[in-house]
Amino acid sequence: MPKSKRKRRSHSKCGFFGVRKVPSGKYEAVIRIDKKIKYIGTSYDTAKQAAKAFDKESIRVGRPLSKLNFPKKAPVGYTPIQKALHSTNTVGYRGVYKESKNFFAQTTIAGKYIYIGSFATAKEAAVGYDRAVLKANGSTSLLNFPGMVHNLDVEPKRKKYTLSASGYRGVAKKPNGRFQAMIYINRKPKTVGTFGTAIAAALAYDQAAIKAGKKKSSLNFPEGEKKQKKQEKQMKKKKTQKTQKTQKPQKPHEPQKPHEPQKIKRTKKKELSLQEYTEMLKASM
């Protein structure tokens with residue numbers, strides 16, 4: 001049987017990371033370090049030889065296994081260098097941000113924003129983030145604790161979100177007595193507006209949260225629309241029943257019969273016998 005072809009790990013023509021063919025027919029290995037290109041070698045006879053040279057240099061600089069051409073041939077116990085935190089990260093853990101007194105974990109998987117949950121401490125949120133990365137088969141260089149063993153079958157304990165003093169999420173009462181709605185998008189606060197009542201501010205917050213793609217569980221009224229439709233249906237039903245009670249039942253319309261001429265009853269004259277006629281004639285004389 002013919003040998004199966006090697007699964008391509010790169011979209012390049014050679015099928016390897018950091019390998020390309022030069023005009024002479026040879027292969028060269030190139031790596032990018034700190035946004036600078038470094039040539040490893042330019043005269044390899046085969047693409048596989050250049051790919052091995054690329055992996056050797058990648059391991060030296062601490063690249064993740066997912067960026068190697070032959071990850072199974074990496075040294076035993078090899079640990080990639082942790083990816084640096086973003087400059088705007090003030091918590092100290094990857095995928096964790098603080099809002100009020102709560103710590104939240106979030107990540108991006110396949111270009112899609114994933115909200116992980118709210119936690120009591122920054123470390124618990126960081127562990128929750130690591131679990132989400134491992135479940136998505138992400139690189140270990142993205143973990144906060146690469147040496148920690150995680151039990152992916154047991155969910156971490158999350159903290160229940162506590163509402164503000166106004167009683168609604170994202171709503172705060174101003175000194176002038178009005179209520180301000182504020183939402184965090186990409187870790188940056190955004191003022192939605194100021195309103196006369198807390199409910200109006202809470203509804204405005206929900207609309208902004210839906211536009212930002214937040215989950216229903218983060219809304220003040222996650223079932224508000226469903227409840228409103230249910231109430232409207234019940235009110236309509238009650239109104240129909242009330243109308244039916246006030247109206248008197250009408251008899252079904254009977255078609256009018258055509259006019260019939262009145263029948264005149266005619267009595268037949270009684271015939272007299274010969275004896276009765278003779279007696280009547282004598283009496284009249």
# chains A, B, ... in the order shown; residues from 1 in each chain; ligands from 1
$ residues_around --residues "Asn69 in chain A" --least-positions-apart "3" --cutoff "12 Å" --atoms "only C-alpha atoms" --output "ChimeraX atom specification"
/A:6-10,14-19,29,47-59,63-66,72-74
$ closest_residue --among "A:Gly138, A:Pro222, A:Pro80, A:Gly92" --to "Gln207 in chain A" --atoms "only C-alpha atoms"
A:Pro222
$ residues_around --residues "Ala125 in chain A" --least-positions-apart "4" --cutoff "9 Å" --atoms "only C-alpha atoms" --output "NGL selection string"
:A and (93 or 95-97 or 103-106 or 116-121 or 129-130 or 158)
$ write_last_selection --atoms "C-alpha atoms" --output "short mmCIF file (atom, residue, chain, number, x, y, z; two decimals), in the first residue's frame"
data_model
loop_
_atom_site.label_atom_id
_atom_site.label_comp_id
_atom_site.auth_asym_id
_atom_site.auth_seq_id
_atom_site.Cartn_x
_atom_site.Cartn_y
_atom_site.Cartn_z
CA TYR A 93 -2.96 37.47 34.77
CA GLY A 95 -7.49 36.90 30.26
CA VAL A 96 -8.48 38.51 33.59
CA TYR A 97 -9.86 41.98 34.26
CA PHE A 103 -12.62 39.58 38.80
CA PHE A 104 -13.78 38.39 35.39
CA ALA A 105 -12.22 35.89 32.98
CA GLN A 106 -12.62 36.06 29.22
CA ILE A 116 -15.88 32.55 31.23
CA GLY A 117 -17.30 33.93 34.48
CA SER A 118 -16.91 36.03 37.63
CA PHE A 119 -14.56 34.98 40.44
CA ALA A 120 -13.75 36.12 43.97
CA THR A 121 -9.99 36.46 43.39
CA TYR A 129 -9.09 31.18 31.94
CA ASP A 130 -6.46 28.43 31.72
CA ARG A 158 -17.65 31.03 40.31
#
$ atom_distance --atom1 "CA of Leu68 in chain A" --atom2 "CA of Ala110 in chain A"
19.7 Å
$ atom_distance --atom1 "CA of Lys239 in chain A" --atom2 "CA of Phe221 in chain A"
26.8 Å
$ residues_around --residues "range 142-153 of chain A" --least-positions-apart "4" --cutoff "9 Å" --atoms "only C-alpha atoms" --output "MDAnalysis selection string"
chainID A and resid 79 82:84 93:95 126:127 129:135 138
$ closest_residue --among "A:Ile199, A:Ala209, A:Val91, A:Val22" --to "Lys123 in chain A" --atoms "only C-alpha atoms"
A:Val91
$ atom_distance --atom1 "CA of Val154 in chain A" --atom2 "CA of Thr90 in chain A"
28.7 Å
$ closest_residue --among "A:Tyr205, A:Val30, A:Ile37, A:Thr88" --to "Arg169 in chain A" --atoms "only C-alpha atoms"
A:Tyr205
$ closest_residue --among "A:Asn102, A:Thr243, A:Gln275, A:Asn176" --to "Ala122 in chain A" --atoms "only C-alpha atoms"
A:Asn102
$ select_by_dssp --residues "range 34-175 of chain A" --states "helix (DSSP H, G or I)" --output "number ranges by chain"
A: 47-61, 65-67, 71-73, 122-135, 140-142
$ closest_residue --among "A:Asn137, A:Gly196, A:Ile40, A:Pro156" --to "Lys173 in chain A" --atoms "only C-alpha atoms"
A:Gly196
$ closest_residue --among "A:Gly170, A:Gln241, A:Lys67, A:Asn89" --to "Gly193 in chain A" --atoms "only C-alpha atoms"
A:Gly170
